[in-house]
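Participant: final.cif is the file, holding mmCIF, C-alpha atoms:
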```cif
data_model
#
loop_
_atom_site.label_atom_id
_atom_site.label_comp_id
_atom_site.auth_asym_id
_atom_site.auth_seq_id
_atom_site.Cartn_x
_atom_site.Cartn_y
_atom_site.Cartn_z
CA MET A 1 -11.14 -26.45 -17.53
CA SER A 2 -8.77 -23.56 -17.20
CA LEU A 3 -10.20 -20.47 -15.56
CA LEU A 4 -7.68 -18.13 -17.14
CA PRO A 5 -9.62 -17.11 -20.30
CA GLY A 6 -12.66 -16.21 -18.18
CA LEU A 7 -10.53 -14.29 -15.68
CA VAL A 8 -8.99 -12.27 -18.51
CA TRP A 9 -12.53 -11.11 -19.45
CA VAL A 10 -13.26 -10.20 -15.81
CA TRP A 11 -10.06 -8.16 -15.50
CA LEU A 12 -10.71 -6.46 -18.84
CA ALA A 13 -14.24 -5.58 -17.69
CA MET A 14 -12.91 -4.18 -14.42
CA LEU A 15 -10.20 -2.16 -16.17
CA VAL A 16 -12.91 -0.59 -18.36
CA GLU A 17 -15.07 0.10 -15.27
CA ALA A 18 -12.11 1.73 -13.49
CA ALA A 19 -11.48 3.90 -16.57
CA GLY A 20 -15.18 4.86 -16.53
CA GLN A 21 -14.88 5.94 -12.89
CA ILE A 22 -11.83 8.08 -13.74
CA PHE A 23 -13.84 9.72 -16.56
CA PHE A 24 -16.77 10.39 -14.17
CA LYS A 25 -14.43 11.99 -11.63
CA ARG A 26 -12.90 14.18 -14.36
CA GLY A 27 -16.43 15.06 -15.46
CA ALA A 28 -17.42 15.99 -11.90
CA ASP A 29 -14.30 18.12 -11.52
CA THR A 30 -14.74 19.93 -14.85
CA SER A 31 -18.45 20.72 -14.55
CA HIS A 32 -18.69 24.17 -13.03
CA GLN A 33 -22.41 24.19 -12.43
CA GLY A 34 -21.86 23.22 -8.79
CA THR A 35 -23.99 20.46 -7.41
CA HIS A 36 -27.43 21.66 -8.36
CA PRO A 37 -29.20 18.48 -9.60
CA THR A 38 -31.13 20.07 -12.49
CA ALA A 39 -28.00 21.81 -13.76
CA LEU A 40 -26.14 18.51 -13.56
CA LEU A 41 -28.96 16.80 -15.46
CA ARG A 42 -28.92 19.48 -18.16
CA ASN A 43 -25.15 19.57 -18.59
CA ALA A 44 -24.18 15.89 -18.23
CA TRP A 45 -24.76 15.11 -21.92
CA ARG A 46 -22.55 17.98 -23.00
CA ASN A 47 -19.59 16.92 -20.88
CA GLY A 48 -17.30 14.65 -22.93
CA TRP A 49 -15.81 13.00 -19.84
CA ILE A 50 -19.23 11.96 -18.56
CA VAL A 51 -20.31 10.64 -21.96
CA ALA A 52 -17.05 8.64 -22.16
CA GLY A 53 -17.74 7.28 -18.66
CA ILE A 54 -21.23 6.14 -19.65
CA GLY A 55 -19.71 4.48 -22.75
CA CYS A 56 -17.27 2.60 -20.50
CA PHE A 57 -20.08 1.29 -18.30
CA GLY A 58 -21.98 0.11 -21.38
CA SER A 59 -18.92 -1.77 -22.70
CA GLU A 60 -18.26 -3.17 -19.25
CA ALA A 61 -21.75 -4.72 -19.17
CA ILE A 62 -20.96 -6.57 -22.42
CA LEU A 63 -17.52 -7.73 -21.21
CA TRP A 64 -19.01 -8.87 -17.90
CA THR A 65 -21.68 -10.90 -19.71
CA LEU A 66 -18.93 -12.56 -21.79
CA ALA A 67 -16.97 -13.32 -18.59
CA LEU A 68 -20.03 -14.92 -16.97
CA ARG A 69 -20.41 -17.27 -19.95
CA LYS A 70 -16.98 -18.73 -19.14
CA LEU A 71 -16.89 -18.51 -15.34
CA PRO A 72 -19.18 -19.47 -12.45
CA VAL A 73 -20.46 -16.43 -10.50
CA SER A 74 -18.66 -17.72 -7.37
CA VAL A 75 -15.33 -17.10 -9.17
CA ALA A 76 -16.27 -14.03 -11.24
CA PHE A 77 -17.71 -12.07 -8.30
CA PRO A 78 -14.61 -12.09 -6.02
CA ALA A 79 -12.32 -11.68 -9.08
CA GLY A 80 -14.27 -8.51 -9.91
CA SER A 81 -13.13 -6.87 -6.67
CA VAL A 82 -9.79 -6.24 -8.42
CA CYS A 83 -11.65 -3.11 -9.61
CA PHE A 84 -10.91 -1.47 -6.23
CA VAL A 85 -7.18 -1.88 -6.89
CA PHE A 86 -7.44 -0.56 -10.47
CA VAL A 87 -9.41 2.50 -9.28
CA ALA A 88 -6.88 3.25 -6.53
CA LEU A 89 -3.91 2.90 -8.92
CA LEU A 90 -5.52 5.00 -11.66
CA SER A 91 -6.67 7.66 -9.14
CA ARG A 92 -3.07 7.97 -8.05
CA MET A 93 -1.49 7.96 -11.51
CA VAL A 94 -4.07 9.90 -13.53
CA LEU A 95 -5.92 12.06 -11.01
CA ARG A 96 -2.86 12.60 -8.74
CA GLU A 97 -4.86 11.72 -5.65
CA ARG A 98 -2.93 10.97 -2.51
CA VAL A 99 -3.64 7.29 -1.76
CA GLY A 100 -2.25 6.88 1.75
CA LEU A 101 -1.61 3.83 3.93
CA GLU A 102 -5.11 3.99 5.48
CA ARG A 103 -6.75 3.71 2.04
CA TRP A 104 -4.49 0.78 1.01
CA ILE A 105 -5.14 -1.12 4.26
CA GLY A 106 -8.87 -0.44 3.85
CA ILE A 107 -8.85 -1.67 0.25
CA THR A 108 -6.94 -4.84 1.28
CA CYS A 109 -9.51 -5.60 4.01
CA ILE A 110 -12.35 -5.07 1.51
CA LEU A 111 -10.67 -7.41 -1.05
CA LEU A 112 -10.29 -10.14 1.59
CA GLY A 113 -13.88 -9.59 2.73
CA VAL A 114 -15.29 -9.88 -0.81
CA ALA A 115 -13.15 -13.01 -1.43
CA LEU A 116 -14.52 -14.59 1.77
CA ILE A 117 -18.11 -13.76 0.78
CA GLY A 118 -17.46 -15.23 -2.70
CA ALA A 119 -15.92 -18.38 -1.24
CA SER A 120 -18.70 -19.00 1.29
CA ALA A 121 -21.86 -17.93 -0.57
CA MET B 122 -6.15 25.36 10.29
CA LEU B 123 -8.66 28.12 11.02
CA GLN B 124 -11.81 27.32 13.00
CA SER B 125 -13.96 28.17 9.96
CA ASP B 126 -11.87 25.86 7.77
CA ILE B 127 -12.40 22.99 10.18
CA GLU B 128 -16.14 23.70 10.22
CA LEU B 129 -16.24 23.76 6.38
CA HIS B 130 -14.27 20.50 6.21
CA ARG B 131 -16.73 18.85 8.64
CA ARG B 132 -19.72 20.07 6.66
CA GLN B 133 -18.23 18.74 3.38
CA ARG B 134 -17.44 15.41 4.98
CA ARG B 135 -21.03 15.13 6.23
CA LYS B 136 -22.26 15.86 2.69
CA VAL B 137 -19.94 13.14 1.29
CA TRP B 138 -21.22 10.57 3.80
CA MET B 139 -24.86 11.47 3.14
CA GLY B 140 -24.17 10.96 -0.59
CA LEU B 141 -22.43 7.65 0.11
CA GLY B 142 -25.38 6.53 2.26
CA ALA B 143 -27.73 7.37 -0.61
CA ALA B 144 -25.43 5.52 -3.06
CA VAL B 145 -25.48 2.37 -0.91
CA VAL B 146 -29.27 2.47 -0.39
CA LEU B 147 -30.00 3.15 -4.09
CA GLY B 148 -27.53 0.45 -5.17
CA THR B 149 -29.00 -2.11 -2.77
CA VAL B 150 -32.64 -1.47 -3.76
CA ALA B 151 -31.69 -1.47 -7.47
CA GLN B 152 -29.90 -4.82 -7.15
CA LEU B 153 -32.76 -6.39 -5.22
CA CYS B 154 -35.30 -5.16 -7.83
CA TRP B 155 -33.04 -6.48 -10.57
CA LYS B 156 -32.84 -9.86 -8.87
CA ALA B 157 -36.59 -9.98 -8.30
CA ALA B 158 -37.27 -8.95 -11.92
CA ALA B 159 -34.83 -11.53 -13.37
CA GLY B 160 -35.96 -14.29 -11.02
CA GLY B 161 -38.95 -16.20 -12.35
CA VAL B 162 -38.11 -15.46 -15.98
CA SER B 163 -38.55 -18.88 -17.54
CA ALA B 164 -35.41 -20.44 -18.95
CA ASP B 165 -36.37 -20.03 -22.58
CA PRO B 166 -33.87 -20.97 -25.28
CA SER B 167 -34.73 -17.83 -27.25
CA ALA B 168 -32.76 -14.82 -26.03
CA ALA B 169 -35.30 -12.41 -27.55
CA HIS B 170 -38.13 -13.98 -25.56
CA THR B 171 -36.12 -13.81 -22.31
CA LEU B 172 -35.37 -10.12 -22.93
CA TRP B 173 -39.01 -9.38 -23.75
CA GLN B 174 -40.14 -11.11 -20.54
CA THR B 175 -37.69 -9.03 -18.50
CA PHE B 176 -38.64 -5.74 -20.19
CA SER B 177 -42.33 -6.29 -19.52
CA ARG B 178 -41.80 -6.40 -15.76
CA PRO B 179 -42.40 -3.14 -13.85
CA LEU B 180 -39.61 -4.00 -11.37
CA PHE B 181 -37.11 -3.95 -14.24
CA TRP B 182 -38.05 -0.33 -15.00
CA VAL B 183 -37.90 0.56 -11.31
CA ALA B 184 -34.34 -0.82 -11.29
CA ILE B 185 -33.44 1.26 -14.38
CA ALA B 186 -34.84 4.44 -12.77
CA LEU B 187 -32.81 3.67 -9.62
CA PHE B 188 -29.62 3.24 -11.70
CA VAL B 189 -30.20 6.67 -13.28
CA ALA B 190 -30.77 8.24 -9.83
CA GLN B 191 -27.63 6.48 -8.63
CA PHE B 192 -25.63 8.04 -11.46
CA PHE B 193 -26.65 11.60 -10.56
CA ASN B 194 -26.06 11.03 -6.85
CA TRP B 195 -22.62 9.58 -7.65
CA MET B 196 -21.64 12.63 -9.73
CA ILE B 197 -22.53 14.86 -6.75
CA VAL B 198 -20.43 12.69 -4.39
CA LEU B 199 -17.47 12.92 -6.80
CA THR B 200 -17.60 16.73 -6.81
CA HIS B 201 -16.86 16.64 -3.06
CA ALA B 202 -14.55 13.65 -2.53
CA ASP B 203 -11.55 11.81 -3.98
CA LEU B 204 -12.45 8.85 -6.20
CA SER B 205 -10.00 6.64 -4.26
CA TYR B 206 -11.91 7.57 -1.06
CA ALA B 207 -15.52 7.29 -2.27
CA GLN B 208 -15.32 4.25 -4.58
CA PRO B 209 -14.05 1.64 -2.08
CA LEU B 210 -16.69 2.80 0.42
CA THR B 211 -19.41 1.62 -1.98
CA ALA B 212 -18.30 -1.91 -0.94
CA LEU B 213 -20.75 -1.32 1.92
CA SER B 214 -23.47 -2.36 -0.53
CA TYR B 215 -22.08 -5.93 -0.44
CA VAL B 216 -22.98 -5.86 3.25
CA THR B 217 -26.48 -4.39 2.77
CA VAL B 218 -27.26 -6.66 -0.22
CA SER B 219 -26.22 -9.84 1.64
CA ILE B 220 -28.21 -8.90 4.73
CA SER B 221 -31.37 -7.70 2.95
CA ALA B 222 -31.33 -10.66 0.53
CA SER B 223 -31.15 -13.00 3.52
CA ILE B 224 -34.20 -11.28 5.02
CA LEU B 225 -36.30 -10.81 1.83
CA PHE B 226 -35.56 -14.10 0.11
CA SER B 227 -35.07 -16.00 3.42
CA GLU B 228 -31.56 -17.01 2.40
CA HIS B 229 -29.31 -18.54 5.02
CA VAL B 230 -26.15 -16.47 5.72
CA PRO B 231 -23.17 -18.83 6.23
CA PRO B 232 -20.51 -17.90 8.84
CA GLY B 233 -17.93 -17.15 6.11
CA VAL B 234 -20.19 -14.42 4.73
CA TRP B 235 -20.48 -12.86 8.19
CA ALA B 236 -16.67 -12.89 8.46
CA GLY B 237 -16.43 -11.25 5.00
CA ILE B 238 -18.93 -8.59 6.07
CA GLY B 239 -16.81 -7.91 9.17
CA LEU B 240 -13.67 -7.48 7.04
CA ILE B 241 -15.44 -5.08 4.65
CA LEU B 242 -16.65 -2.99 7.60
CA LEU B 243 -13.09 -2.94 8.97
CA GLY B 244 -11.81 -1.77 5.57
CA VAL B 245 -14.45 0.98 5.41
CA TRP B 246 -13.45 2.10 8.91
CA PHE B 247 -9.76 2.34 7.88
CA ILE B 248 -10.55 4.42 4.78
CA SER B 249 -12.91 6.73 6.69
CA ARG B 250 -10.10 7.58 9.14
CA GLY B 251 -8.15 9.39 6.42
CA GLY B 252 -9.01 12.66 4.67
CA HIS B 253 -11.73 12.57 2.01
CA ARG B 254 -9.99 14.90 -0.40
CA THR B 255 -6.43 15.44 -1.67
CA PRO B 256 -5.58 19.12 -1.16
CA PRO B 257 -5.18 20.97 -4.47
CA HIS B 258 -1.58 21.37 -5.62
CA PRO B 259 -0.40 24.82 -4.56
CA ALA B 260 0.79 27.15 -7.32
CA PRO B 261 4.60 27.50 -7.34
CA ALA B 262 4.45 31.06 -5.95
CA ALA B 263 2.07 30.02 -3.18
CA SER B 264 4.23 27.04 -2.20
CA ALA B 265 7.31 29.27 -2.02
CA ALA B 266 5.39 31.59 0.29
CA THR B 267 4.34 28.65 2.47
CA ALA B 268 7.93 27.43 2.66
CA LEU B 269 9.05 30.89 3.80
CA GLN B 270 6.27 30.99 6.40
CA GLU B 271 7.26 27.54 7.69
CA ALA B 272 10.91 28.58 7.84
CA ALA B 273 9.91 31.69 9.83
CA LEU B 274 7.97 29.53 12.32
#
```
Is it possible to express this structure as structure tokens?

Facilitator:
Amino acid sequence: MSLLPGLVWVWLAMLVEAAGQIFFKRGADTSHQGTHPTALLRNAWRNGWIVAGIGCFGSEAILWTLALRKLPVSVAFPAGSVCFVFVALLSRMVLRERVGLERWIGITCILLGVALIGASA
Amino acid sequence: MLQSDIELHRRQRRKVWMGLGAAVVLGTVAQLCWKAAAGGVSADPSAAHTLWQTFSRPLFWVAIALFVAQFFNWMIVLTHADLSYAQPLTALSYVTVSISASILFSEHVPPGVWAGIGLILLGVWFISRGGHRTPPHPAPAASAATALQEAAL
């Protein structure tokens, strides 16, 4: 059985999750109430970025469930770590964050670590 | 950098790491509750029955409450740090979930998993060496002034 159709669902789910994270970061940056928890609680539902982020996480849950119907967890779980790469790329392109060498080396080590855990568990 | 700037930077960094610690702990406990709530649900062919069984477990609602708390904590972390700094550091929860699952559910941890945990910790160490926040882009006038200052030095 080819793994490709299942992997496409995993990557789609992770792309949606990465987009959700970008929306959350935008939401955090555009909410001017500081970090006071009650203010955050009151204002979260009025911030379009945060609502969009929550929508992304809801859709991701559905996509992930579809992926798990086609793939064993031992494949889906390490494949999901591609999310770290998507988040780094989108942070750089959309949020204009400086993603330096240290972050890329760190992300590479984490990807290898997650792959090893997936392969051995 | 002024002494007070360095102090402010240190204080912010401490706040980011406290938030990341909370994120990892909340994420780990939520996942373990989720696993405990889902485990023992009988393999029933009817999806509705499976859902109902899961919803009627208190641990499921504890996990939901933890996910909500995790969301608010995460928003606070993101007000202080870059997304490309904070998000990969949440990989630490792979480490805490593997270790606590092995203790709670007496699962054996194979050597490959230990090696993976080591690599994740190495990755987290690399990322933590860099700055936690991209400096804001200076306004054109300000950057011209900085260039002049640098030229004068």

Participant: Mind checking which residues fall within 12 Å of Leu4 of chain A, counting all atoms listed in the file, ignoring those fewer than 3 positions away in the same chain, and posting them as a PDB file with C-alpha atoms, keeping the file's coordinate frame?

Facilitator:
```
ATOM      1  CA  MET A   1     -11.140 -26.450 -17.530  1.00  0.00           C
ATOM      2  CA  LEU A   7     -10.530 -14.290 -15.680  1.00  0.00           C
ATOM      3  CA  VAL A   8      -8.990 -12.270 -18.510  1.00  0.00           C
ATOM      4  CA  TRP A   9     -12.530 -11.110 -19.450  1.00  0.00           C
ATOM      5  CA  VAL A  10     -13.260 -10.200 -15.810  1.00  0.00           C
ATOM      6  CA  TRP A  11     -10.060  -8.160 -15.500  1.00  0.00           C
ATOM      7  CA  ALA A  67     -16.970 -13.320 -18.590  1.00  0.00           C
ATOM      8  CA  LYS A  70     -16.980 -18.730 -19.140  1.00  0.00           C
ATOM      9  CA  LEU A  71     -16.890 -18.510 -15.340  1.00  0.00           C
ATOM     10  CA  VAL A  75     -15.330 -17.100  -9.170  1.00  0.00           C
ATOM     11  CA  ALA A  76     -16.270 -14.030 -11.240  1.00  0.00           C
ATOM     12  CA  ALA A  79     -12.320 -11.680  -9.080  1.00  0.00           C
TER      13      ALA A  79
END
```

Participant: Pick out the closest residue to Met196 of chain B from this set: A:Ala28, A:Gln21, A:Leu66, A:Ala13. Count all atoms listed in the file.

Facilitator: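 Nearest to Met196 of chain B: A:Ala28.
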
Participant: If you count all atoms listed in the file, which residues fall within 9 Å of segment 215-222 of chain B, apart from same-chain ones fewer than 4 positions away, as a PDB file with C-alpha atoms, in the coordinates of the input?

Facilitator:
```pdb
ATOM      1  CA  VAL A 114     -15.290  -9.880  -0.810  1.00  0.00           C
ATOM      2  CA  ILE A 117     -18.110 -13.760   0.780  1.00  0.00           C
TER       3      ILE A 117
ATOM      4  CA  VAL B 145     -25.480   2.370  -0.910  1.00  0.00           C
ATOM      5  CA  VAL B 146     -29.270   2.470  -0.390  1.00  0.00           C
ATOM      6  CA  GLY B 148     -27.530   0.450  -5.170  1.00  0.00           C
ATOM      7  CA  THR B 149     -29.000  -2.110  -2.770  1.00  0.00           C
ATOM      8  CA  VAL B 150     -32.640  -1.470  -3.760  1.00  0.00           C
ATOM      9  CA  GLN B 152     -29.900  -4.820  -7.150  1.00  0.00           C
ATOM     10  CA  LEU B 153     -32.760  -6.390  -5.220  1.00  0.00           C
ATOM     11  CA  THR B 211     -19.410   1.620  -1.980  1.00  0.00           C
ATOM     12  CA  PHE B 226     -35.560 -14.100   0.110  1.00  0.00           C
ATOM     13  CA  SER B 227     -35.070 -16.000   3.420  1.00  0.00           C
ATOM     14  CA  GLU B 228     -31.560 -17.010   2.400  1.00  0.00           C
ATOM     15  CA  VAL B 230     -26.150 -16.470   5.720  1.00  0.00           C
ATOM     16  CA  VAL B 234     -20.190 -14.420   4.730  1.00  0.00           C
ATOM     17  CA  TRP B 235     -20.480 -12.860   8.190  1.00  0.00           C
ATOM     18  CA  GLY B 237     -16.430 -11.250   5.000  1.00  0.00           C
ATOM     19  CA  ILE B 238     -18.930  -8.590   6.070  1.00  0.00           C
ATOM     20  CA  GLY B 239     -16.810  -7.910   9.170  1.00  0.00           C
ATOM     21  CA  ILE B 241     -15.440  -5.080   4.650  1.00  0.00           C
ATOM     22  CA  LEU B 242     -16.650  -2.990   7.600  1.00  0.00           C
TER      23      LEU B 242
END
```

Participant: Of the candidates B:Leu187, B:Leu180, B:Ala202, B:Ala159, which shows the shortest atom-to-atom distance to Pro256 of chain B, using all atoms listed in the file?

Facilitator: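 Selected residue with least distance to Pro256 of chain B: B:Ala202.
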
Participant: Please measure the separation of atom CA of Gly142 of chain B and atom CA of Gly113 of chain A, giving the value in Å to one decimal.

Facilitator: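 Separating atom CA of Gly142 of chain B from atom CA of Gly113 of chain A is a distance of 19.8 Å.
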
Participant: So that I can check the surroundings of Glu60 of chain A, please list as a PyMOL selection string every protein, DNA and RNA residue that reaches within 12 Å of it, counting all atoms listed in the file and ignoring chain neighbours fewer than 2 positions away.

Facilitator: chain A and resi 9-21+53-58+62-67+80+83

Participant: What are the closest atom pairs, with distances in Å to one decimal, for all residues of chain A lying within 7 Å of chain B? Consider only C-alpha atoms, order rows by chain and residue number, and present the result as a Markdown table.

Facilitator:
```
| residue | atom | partner | partner_atom | distance |
| --- | --- | --- | --- | --- |
| A:Phe24 | CA | B:Met196 | CA | 7.0 |
| A:Lys25 | CA | B:Leu199 | CA | 5.8 |
| A:Ala28 | CA | B:Thr200 | CA | 5.1 |
| A:Asp29 | CA | B:Thr200 | CA | 5.9 |
| A:Thr35 | CA | B:Ile197 | CA | 5.8 |
| A:Phe84 | CA | B:Pro209 | CA | 6.1 |
| A:Val87 | CA | B:Ser205 | CA | 6.5 |
| A:Ala88 | CA | B:Ser205 | CA | 5.1 |
| A:Ser91 | CA | B:Ser205 | CA | 6.0 |
| A:Glu97 | CA | B:Thr255 | CA | 5.7 |
| A:Arg98 | CA | B:Thr255 | CA | 5.7 |
| A:Val99 | CA | B:Ser205 | CA | 6.9 |
| A:Glu102 | CA | B:Phe247 | CA | 5.5 |
| A:Arg103 | CA | B:Ile248 | CA | 4.7 |
| A:Ile105 | CA | B:Phe247 | CA | 6.8 |
| A:Gly106 | CA | B:Gly244 | CA | 3.7 |
| A:Ile107 | CA | B:Gly244 | CA | 6.1 |
| A:Cys109 | CA | B:Gly244 | CA | 4.7 |
| A:Ile110 | CA | B:Ile241 | CA | 4.4 |
| A:Leu112 | CA | B:Leu240 | CA | 6.9 |
| A:Gly113 | CA | B:Gly237 | CA | 3.8 |
| A:Val114 | CA | B:Gly237 | CA | 6.1 |
| A:Leu116 | CA | B:Gly237 | CA | 5.0 |
| A:Ile117 | CA | B:Val234 | CA | 4.5 |
| A:Ser120 | CA | B:Gly233 | CA | 5.2 |
| A:Ala121 | CA | B:Val234 | CA | 6.6 |
```

Participant: How far is it from atom CA of Arg26 of chain A to atom CA of Trp49 of chain A, in Å with one decimal?

Facilitator: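 Spanning atom CA of Arg26 of chain A to atom CA of Trp49 of chain A is a straight-line distance of 6.3 Å.
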
Participant: Just to confirm, what's the straight-line distance from atom CA of Thr175 of chain B to atom CA of Ala157 of chain B in Å (one decimal)?

Facilitator: 10.3 Å

Participant: Please return segment 203-227 of chain B, rebuilt to N, CA and C atoms, as a tab-separated table (two decimals), keeping the file's coordinate frame.

Facilitator:
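Contents of the output file result_1.tsv:
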```
chain	number	residue	atom	x	y	z
B	203	ASP	N	-12.47	12.55	-3.12
B	203	ASP	CA	-11.55	11.81	-3.98
B	203	ASP	C	-12.24	10.53	-4.47
B	204	LEU	N	-11.92	10.11	-5.70
B	204	LEU	CA	-12.45	8.85	-6.20
B	204	LEU	C	-11.91	7.68	-5.38
B	205	SER	N	-10.61	7.75	-5.00
B	205	SER	CA	-10.00	6.64	-4.26
B	205	SER	C	-10.49	6.59	-2.81
B	206	TYR	N	-11.28	7.60	-2.38
B	206	TYR	CA	-11.91	7.57	-1.06
B	206	TYR	C	-13.34	7.02	-1.21
B	207	ALA	N	-14.09	7.61	-2.16
B	207	ALA	CA	-15.52	7.29	-2.27
B	207	ALA	C	-15.76	5.89	-2.84
B	208	GLN	N	-15.00	5.51	-3.88
B	208	GLN	CA	-15.32	4.25	-4.58
B	208	GLN	C	-15.21	3.01	-3.69
B	209	PRO	N	-14.09	2.85	-2.92
B	209	PRO	CA	-14.05	1.64	-2.08
B	209	PRO	C	-15.15	1.61	-1.02
B	210	LEU	N	-15.65	2.78	-0.62
B	210	LEU	CA	-16.69	2.80	0.42
B	210	LEU	C	-18.02	2.24	-0.10
B	211	THR	N	-18.18	2.20	-1.44
B	211	THR	CA	-19.41	1.62	-1.98
B	211	THR	C	-19.45	0.10	-1.74
B	212	ALA	N	-18.32	-0.48	-1.29
B	212	ALA	CA	-18.30	-1.91	-0.94
B	212	ALA	C	-19.29	-2.20	0.18
B	213	LEU	N	-19.73	-1.14	0.89
B	213	LEU	CA	-20.75	-1.32	1.92
B	213	LEU	C	-22.02	-1.94	1.35
B	214	SER	N	-22.24	-1.78	0.03
B	214	SER	CA	-23.47	-2.36	-0.53
B	214	SER	C	-23.39	-3.88	-0.58
B	215	TYR	N	-22.17	-4.46	-0.57
B	215	TYR	CA	-22.08	-5.93	-0.44
B	215	TYR	C	-22.72	-6.36	0.88
B	216	VAL	N	-22.46	-5.55	1.92
B	216	VAL	CA	-22.98	-5.86	3.25
B	216	VAL	C	-24.50	-5.75	3.24
B	217	THR	N	-25.03	-4.61	2.73
B	217	THR	CA	-26.48	-4.39	2.77
B	217	THR	C	-27.22	-5.36	1.84
B	218	VAL	N	-26.60	-5.71	0.69
B	218	VAL	CA	-27.26	-6.66	-0.22
B	218	VAL	C	-27.33	-8.04	0.42
B	219	SER	N	-26.21	-8.50	1.02
B	219	SER	CA	-26.22	-9.84	1.64
B	219	SER	C	-27.27	-9.90	2.73
B	220	ILE	N	-27.31	-8.85	3.59
B	220	ILE	CA	-28.21	-8.90	4.73
B	220	ILE	C	-29.67	-8.78	4.27
B	221	SER	N	-29.96	-7.84	3.34
B	221	SER	CA	-31.37	-7.70	2.95
B	221	SER	C	-31.84	-8.87	2.10
B	222	ALA	N	-30.92	-9.48	1.31
B	222	ALA	CA	-31.33	-10.66	0.53
B	222	ALA	C	-31.67	-11.80	1.48
B	223	SER	N	-30.89	-11.91	2.58
B	223	SER	CA	-31.15	-13.00	3.52
B	223	SER	C	-32.50	-12.81	4.20
B	224	ILE	N	-32.91	-11.53	4.38
B	224	ILE	CA	-34.20	-11.28	5.02
B	224	ILE	C	-35.34	-11.47	4.01
B	225	LEU	N	-35.21	-10.81	2.82
B	225	LEU	CA	-36.30	-10.81	1.83
B	225	LEU	C	-36.52	-12.16	1.19
B	226	PHE	N	-35.42	-12.83	0.82
B	226	PHE	CA	-35.56	-14.10	0.11
B	226	PHE	C	-35.31	-15.29	1.05
B	227	SER	N	-35.34	-15.01	2.36
B	227	SER	CA	-35.07	-16.00	3.42
B	227	SER	C	-33.88	-16.89	3.08
```
